[in-house]
Amino acid sequence: MHKRHAFPAALYPRFFADGPPSTQKPPNLSTEGWGEYGQVLGVLHGERKEELRLQYHFQHCADGEIWKPEEPVPVPLFSTCSACRIPPLTLQDITYRGQLSRSVRGSGPKEILDFTKHMEAFYLENFNDAFGCMSSLLEENFYFGYEKLNYNQRKNTIGHKVTNTFLDNINFKKCPFQRSCKRARLQSYLFKEVIYDIPPVLLAEHLHEELRAEKYKIFFNSVATGGALELFPLQNKSKTLECCLVYPSRSAMNKLNFHKVKLLSCNSGAPQLKVLEKLALFELNGTIRQINVADVEDQVYVGVRSDYLCGAWKVNRKQKPEPLQTIQMENPATCISVSPYLPGELLVANESGAVYLWNLKTGLSMIRCETENLYFNAQSSWRWCDFTAHPRVITYADRTGIDLTDIRSPSNQTQKMFSIGQTADCKKGERVVLLKHLNDVNAYQHLVTSQYSAYIMDERFPCVPLLKWEHMMKSPPIFSRILSGDSCKTSNKILLGTQRSQEVLMLQYSDGTQMAYEALGPPLQFPARSDCSRFVPFHLPHEKEVLFERLLSPGAGLAAMYHPHQANALCVIQLAETGDIFYQTWSRQESSSSMARPRGTDASSSEKDHRQEKEREDNGVFVSSSTSHGDAPKAACTFGDMTPMNLTSNQNTNVTKRCEDSTPLTESVGLSKKALAKLVKWNSNVLQKQIVKRQEKFCKVKNKATLALPKIADTATNHSLYPNIRQNMRVAMEEKKTLSTCLELPSLDVVDIPGHIDPSNWKDDLSKRLTASWDGKWSSWWENKLGLNRKQKIEALRKKRRLQKLARGHRSPGLSGSFTSSVTYQSDLTDFSDLSGWSSTDSNFGGSRCSSPVSDIETDSHKEPSVIVAESNTDMENVHLGEEQDHECVPILVTASSVSSTSQYSAMPNLLQKSADSVSTFSSVDSLAPNRIPTLSASKDKRSAVIGHPSPNPRLHSPRKSLTQNSHQLQKKVNQDLASLLIAQDSTPEPDLEDNWSFPLASSTQKSSQFSASPSLLGLPLSQGSVTVSQLKKKRPRMGF
Amino acid sequence: MDDISNEFTIIDEGTDEGADDSEDAHSASSFNVSSLRRPTRKKRETDIRKTTRTCLDELHDALLRHQWTKAAEFMQNYIQVLEDSCSQQKMHSLQRVWRMGAEILRHHPDATVEDFNSFYDRMKHLQMSNYLKVSLEHAFYLISKDKIDDAKRQLSLAESWRYGKFSASQEKITKLIQAYHGLLDFSIWITKRNQLVENGSHDFADAASDQEMHTYFRQASSKFHEVIKQPGVWDPFVLCFVKLLEFYDDYNVAVQVLNNYAYADGFPANPNAQIYLYKFLKKNNADVKKLVKVLRVLHILVPSHKLMLKFCSLLDGLDKTKYQQESLKILFDLLDYSDWKDYHKVWKRLEKKISLVIKLGYSEWIKEQWESRKDWWPAFHFSTYQAKRNVSDNLNFACRKATIAGFLLSKKCRYFKVVYKEGMKANPKLMKKMKKRIEKSSIASQS
């Protein structure tokens, strides 16, 4: 037994459960293939007993091989393209607007198909079927002779002139508001029951159904599964450079080509694919959908599948392909695979659900036939089959899962190998799209792909995937190639290709003979064919359109091979539905130091890059301007710090420092001269062959006469008033320019945009009212003004606070658990001393971050009164604004630093008004004299003005204290009274808190500190950052839950 | 019509957030009345969503193309998606930020361990439903950096974490976290044990460290015991658990654990479970019949396993005649598989076995095995190409195979003819001997 076929000695831990997949709908753009280690395997290593140690293996390893493209985009292999004259069907052909509404599933009104056009085409092209009866009935009323008709005849006969003009006009697009159109429409309403042979409703229904099916095919056409491109070495597997490329060509893709190609290794290191002679060409009676190749006993068998026909070819070592046999099926075939064990044996599956063993000597024999789907009803007739390690056991797959079936006794020898379900952690709506036997890597293993994931299954341990990737591709991968790393001692590689989005993805995994398989590195996407458009030289719009259409055509196959002599070179070939073959070579970056390091950071590689770049430039390389990142801003990896959380200044400097260190993006963007020449040649060939007359046919209006100016010479005497203007006008008309450029009219002055108006400058009532009404709050202003809504406000405030209180009561028990995690690793505590608090005190991240000026002052002298004033100020605002804002969400959404909020405060007069109102509501509750209100608001105004510019030494502001103190006392009273009304039981711990505080300026600050604490009773969050407040805050709920 | 097309088209249209956004509009439109009432229900994509979606597309592309610095740049801007208030989207975008952020940090040239730690910490607290998963990944990261103590601390924090009701998936992750915690305990235990072994068994004065080792043993074994009860694949945990039990000479419990792992209901048919049981039994000199029993189950699961050769010799050792039929079947089964095709040892054994069985007079056993193989073995093993290749590679081996071909197919078969013809040039003596043997006893000529 070969070592590579061994079963891994230990597998990654996982739960095993049977059942349907999860019901959660996966997000559209998946990112689940990244940032994960998956599972860990701890394995004991060591020879002697005392040297045993646990070695860890990760299911998804971060480091993989680094591969770099030799050319930035794939280039065409054949410059003489077998141009596809039939343009591929696009969405625009089927749908009305060229884009589909989301409700593909439902037949809602959004889904508008352009079937009027298709109906029109039917009536015009199949007129005999459409109007046969009526035309024979009306035959006598048409006259095609040239003789004149008499009056009576003319009355109910249509002459040839009328019909001719009508038929001529059919080809033109007509204005729908034309009078004749109206007449035609009316006639059609009148006669629609009579003139059609096939009722239009019936026809439309069928057409609609057909168009819908076609539309699905544009998104995903399962007939192409497997791919129609194969590459195999011509001589024995050992080290030959010559390969045979098997591909379809011509517009209908019905010619089977066997072409000899050779991988040339250049001195510069980039191997090139060179096209040698064509070995054979066969014309088939159908579009080639899939080509499968297997090497058996020194001969290569080629299986070809088209819709109803399957054929087998043989290529022997004399390099002469010969056809062997063809079979025809009643149902469309969905799969063909050639046996790698027995010469002349193939498997064929078709849509009836049957799988046949096709022996070239004995003919077809049915192995298994399932009219239903295997594991649940997926309403799918797609079937697939492949070989396994045992030549008499095959895999039988449909959209729901995969079975192992014994050819010798299929009725009782089936075993489940894979099914969509919980066992493989499948997602909702996941389906099998491709199955491939990994014979070259490990004969017991199979690759299974779905639209979300790629699995590696082992038939010795069915149902449980050995390895799973989320491939994150935009459409389901239906082409795949396996490159075994065994021969060149590298990792195994899986290439996945998609149809519509043209993606090609490389996944790497280690060989799993000793340990379980490890996925190495994240998936790598190869450039698509459509990326070529960047390098195609400038074209006229209609040429561009043709080219884009061609480049964007869906993929039809994928092939890849290592360079036989250089294991670090890889050639990837892609086939398009239009028959174009593009290839790209990749080379492996050897140096281990550059692992996980982008190009350009490594000194030597960047130097090399530079040299290559220069070389290319010397050769006259076309460098795409759209992709040059020369002026790209410098990158930094520390995006984590940009999350809306507290950033310490210390870290900030780190970020900036690292920003400076990191290198700008350097990517080789040049296309080599040779490649560009190929691309340009292919391009011109395509244009030459494909540009048909695409201009829309319109009724032409002759405008020569209308644009001609009457001769000036005749009327010069009459119109000598504006000779210059007339002259200019004539010149303009001759040159077909706009008149304005010739007339030299004076340019208009640019009027500046009026400056920003600050309504807070207007203090009078009228202005305030107008400002309010400008904001749409005119009525509320009046209500406020007249005090009509006072009662409502009080009620609302009370209710809100009661709810907040209740909510707080519910939440508090769960909190302690969630904050056990706030302890960070002790090993990092030294570095994160300033961060360590964030999880506990700052854990309502995004919450009001203490503005830097204040916090800077504050760090060492936290007993400064002014800081607490600042604190209290924000809190007070919160109190006032609390009527309208939901404080639960304030800490998350608004970064309300004290400074910004005060400035905000002064900028919004209506807010000010509101706060004053809210205070008035307080006063009414506590039966405070309303004449205090003006003082309070005035003091607040001043305070906000002062605090807007905090000075380094807050003690300088002592004169302010009396004012603030005054207001605090007031406010305190208000709050306390209200609190005692609402939540009397909470007021008891308050004095304790107060007692614990010792401030240098006791009399004033104690009160203010108490004030700063008092809003907590009302369930309002404080802005944080100061140590003093954080002590208090331990009593409060954090993070908003 | 294939129902898969529905699934695919939805993906294909992938206008990400916008699509999420219009999801409810879509569900509403399926209900006709409501769609009539609100014909213009489709919400306009807000600016922030538009920019974040574009940014996400770019970021996705950059990551797929391994442009890490560029991706980091986009990530800096993508972070603003967290300010979007829609809860459904927030969940998705948090997930994305975590996944992509972690991947970028893994590959970015300037990323440090501190970056990782703070990033993981933030991600944990941003998304409570994912706390456990992120914690586990964080622990894995620390393990990969060889910081076992830190990883252990992370895991114990995650173990004690509680928030609301656990969903089913969270419960599974809790179990895994416990198990990995056990694994780390085990790794500490093993270093302690190594120290003890190095110091020499005579030095038992160090009772304290011995005691500590025991604590780790208890912790690890209880955690392993807990997780192994659940149906699943627990190869590393079972191995470590058995190692622990072995050290404390708890043979019976170890066998029980392995038996349970191999045969309990609900567990998948893991070949490794049988192999571990077999190896453990063999190591502890268990009865041959027990070993045979285990291997018989393994033969049903994996007929191509390399232990099957061992199985054969065990059966031969038990009884010369009683188990011949079974061992003959095992050898035939092995040769069915392509990877054993050119394995000389098996062919040699098969040759001996066939001649023994013929000598014993049970040639119908061979016929029975041959019945299901006669239509494809000639092409698979005994083709002209194979004959030529085998002769040129190793004449003795070709001769051995030709003998079997002769036994099974008579001397007229292609393989035999080619080998005989080619072999006569090199070693006529051997060839004649071979021919004689076949003429004497070929099952094909008998029938």
# chains A, B, ... in the order shown; residues from 1 in each chain; ligands from 1
>>> residues_around(residues="segment 373-376 of chain B", least_positions_apart="5", cutoff="12 Å", atoms="only C-alpha atoms", output="VMD selection string")
(chain A and resid 341 to 345 359 362 390 to 392 407 to 408) or (chain B and resid 329 332 to 333 335 to 336 366 to 368 381 to 383 405 408 to 409 444)
>>> select_by_dssp(residues="segment 160-286 of chain A", states="alpha helix (DSSP H)", output="ChimeraX atom specification")
/A:160-170,179-191,200-219
>>> residues_around(residues="Asp765 of chain A", least_positions_apart="2", cutoff="12 Å", atoms="only C-alpha atoms", output="list in words")
Pro759, Ser760, Asn761, Trp762, Lys763, Ser767, Lys768, Arg769, Leu770, Thr771, Ala772, Trp781, Trp782, Lys785, Pro909, Asn910 and Gln913 of chain A
>>> closest_residue(among="B:Leu315, B:Met75, B:Ala179, B:Ala264", to="chain A", atoms="only C-alpha atoms")
B:Met75
>>> residues_around(residues="Val302 of chain B", least_positions_apart="5", cutoff="9 Å", atoms="only C-alpha atoms", output="number ranges by chain")
A: 459-461; B: 271, 297, 308
>>> select_by_dssp(residues="segment 201-449 of chain A", states="strand (DSSP E)", output="count of residues only")
124
>>> residues_around(residues="segment 239-255 of chain B", least_positions_apart="5", cutoff="8 Å", atoms="only C-alpha atoms", output="PyMOL selection string")
chain B and resi 183+186+217+220-221+224-225+276-277+280-281
>>> residues_around(residues="Lys133 of chain B", least_positions_apart="3", cutoff="9 Å", atoms="only C-alpha atoms", output="PyMOL selection string")
chain B and resi 124+129-130+136-138+170+173-174
>>> write_last_selection(atoms="all heavy atoms", output="PDB file, in the first residue's frame")
ATOM      1  N   LYS B 124     -14.925  39.907  21.261  1.00  0.00           N
ATOM      2  CA  LYS B 124     -15.711  39.143  22.229  1.00  0.00           C
ATOM      3  C   LYS B 124     -16.826  39.978  22.806  1.00  0.00           C
ATOM      4  O   LYS B 124     -17.961  39.540  22.922  1.00  0.00           O
ATOM      5  CB  LYS B 124     -14.798  38.728  23.377  1.00  0.00           C
ATOM      6  CG  LYS B 124     -14.201  37.369  23.235  1.00  0.00           C
ATOM      7  CD  LYS B 124     -13.374  37.084  24.448  1.00  0.00           C
ATOM      8  CE  LYS B 124     -11.972  36.721  24.041  1.00  0.00           C
ATOM      9  NZ  LYS B 124     -11.080  36.591  25.184  1.00  0.00           N
ATOM     10  N   SER B 129     -23.266  36.964  21.474  1.00  0.00           N
ATOM     11  CA  SER B 129     -23.662  35.620  21.058  1.00  0.00           C
ATOM     12  C   SER B 129     -22.464  34.841  20.533  1.00  0.00           C
ATOM     13  O   SER B 129     -22.497  33.625  20.438  1.00  0.00           O
ATOM     14  CB  SER B 129     -24.732  35.699  19.982  1.00  0.00           C
ATOM     15  OG  SER B 129     -24.228  36.431  18.887  1.00  0.00           O
ATOM     16  N   ASN B 130     -21.422  35.546  20.210  1.00  0.00           N
ATOM     17  CA  ASN B 130     -20.258  34.883  19.652  1.00  0.00           C
ATOM     18  C   ASN B 130     -19.103  34.820  20.648  1.00  0.00           C
ATOM     19  O   ASN B 130     -18.006  34.457  20.285  1.00  0.00           O
ATOM     20  CB  ASN B 130     -19.797  35.649  18.407  1.00  0.00           C
ATOM     21  CG  ASN B 130     -19.778  34.772  17.205  1.00  0.00           C
ATOM     22  OD1 ASN B 130     -20.287  33.659  17.266  1.00  0.00           O
ATOM     23  ND2 ASN B 130     -19.212  35.249  16.128  1.00  0.00           N
ATOM     24  N   LEU B 136     -12.672  30.804  22.058  1.00  0.00           N
ATOM     25  CA  LEU B 136     -12.007  29.566  21.655  1.00  0.00           C
ATOM     26  C   LEU B 136     -10.936  29.851  20.593  1.00  0.00           C
ATOM     27  O   LEU B 136      -9.814  29.350  20.680  1.00  0.00           O
ATOM     28  CB  LEU B 136     -13.056  28.591  21.111  1.00  0.00           C
ATOM     29  CG  LEU B 136     -12.618  27.143  20.919  1.00  0.00           C
ATOM     30  CD1 LEU B 136     -12.146  26.540  22.214  1.00  0.00           C
ATOM     31  CD2 LEU B 136     -13.754  26.306  20.361  1.00  0.00           C
ATOM     32  N   GLU B 137     -11.313  30.683  19.630  1.00  0.00           N
ATOM     33  CA  GLU B 137     -10.339  31.032  18.595  1.00  0.00           C
ATOM     34  C   GLU B 137      -9.148  31.778  19.194  1.00  0.00           C
ATOM     35  O   GLU B 137      -8.007  31.576  18.783  1.00  0.00           O
ATOM     36  CB  GLU B 137     -11.001  31.899  17.520  1.00  0.00           C
ATOM     37  CG  GLU B 137     -11.891  31.125  16.574  1.00  0.00           C
ATOM     38  CD  GLU B 137     -11.125  30.156  15.704  1.00  0.00           C
ATOM     39  OE1 GLU B 137     -10.016  30.495  15.287  1.00  0.00           O
ATOM     40  OE2 GLU B 137     -11.631  29.049  15.466  1.00  0.00           O
ATOM     41  N   HIS B 138      -9.441  32.609  20.162  1.00  0.00           N
ATOM     42  CA  HIS B 138      -8.368  33.342  20.832  1.00  0.00           C
ATOM     43  C   HIS B 138      -7.410  32.361  21.517  1.00  0.00           C
ATOM     44  O   HIS B 138      -6.189  32.478  21.413  1.00  0.00           O
ATOM     45  CB  HIS B 138      -8.999  34.293  21.856  1.00  0.00           C
ATOM     46  CG  HIS B 138      -8.037  35.285  22.416  1.00  0.00           C
ATOM     47  ND1 HIS B 138      -8.383  36.216  23.341  1.00  0.00           N
ATOM     48  CD2 HIS B 138      -6.717  35.474  22.182  1.00  0.00           C
ATOM     49  CE1 HIS B 138      -7.331  36.939  23.647  1.00  0.00           C
ATOM     50  NE2 HIS B 138      -6.308  36.513  22.953  1.00  0.00           N
ATOM     51  N   GLN B 170     -24.088  27.060  21.241  1.00  0.00           N
ATOM     52  CA  GLN B 170     -23.230  27.557  22.321  1.00  0.00           C
ATOM     53  C   GLN B 170     -22.908  26.452  23.311  1.00  0.00           C
ATOM     54  O   GLN B 170     -21.810  26.383  23.848  1.00  0.00           O
ATOM     55  CB  GLN B 170     -23.926  28.711  23.029  1.00  0.00           C
ATOM     56  CG  GLN B 170     -23.633  30.051  22.374  1.00  0.00           C
ATOM     57  CD  GLN B 170     -24.350  31.174  23.060  1.00  0.00           C
ATOM     58  OE1 GLN B 170     -25.457  31.003  23.540  1.00  0.00           O
ATOM     59  NE2 GLN B 170     -23.729  32.325  23.108  1.00  0.00           N
ATOM     60  N   ILE B 173     -20.145  24.478  21.945  1.00  0.00           N
ATOM     61  CA  ILE B 173     -18.851  25.157  22.068  1.00  0.00           C
ATOM     62  C   ILE B 173     -18.366  25.092  23.514  1.00  0.00           C
ATOM     63  O   ILE B 173     -17.174  24.923  23.771  1.00  0.00           O
ATOM     64  CB  ILE B 173     -18.958  26.612  21.576  1.00  0.00           C
ATOM     65  CG1 ILE B 173     -19.274  26.624  20.087  1.00  0.00           C
ATOM     66  CG2 ILE B 173     -17.667  27.359  21.801  1.00  0.00           C
ATOM     67  CD1 ILE B 173     -19.501  27.986  19.526  1.00  0.00           C
ATOM     68  N   THR B 174     -19.298  25.188  24.460  1.00  0.00           N
ATOM     69  CA  THR B 174     -18.890  25.077  25.869  1.00  0.00           C
ATOM     70  C   THR B 174     -18.218  23.740  26.116  1.00  0.00           C
ATOM     71  O   THR B 174     -17.198  23.662  26.790  1.00  0.00           O
ATOM     72  CB  THR B 174     -20.120  25.205  26.779  1.00  0.00           C
ATOM     73  OG1 THR B 174     -21.027  26.100  26.198  1.00  0.00           O
ATOM     74  CG2 THR B 174     -19.742  25.657  28.154  1.00  0.00           C
TER      75      THR B 174
END
>>> closest_residue(among="A:His57, A:Asp129, A:Pro271, A:Thr423", to="Phe267 of chain B", atoms="only C-alpha atoms")
A:Thr423
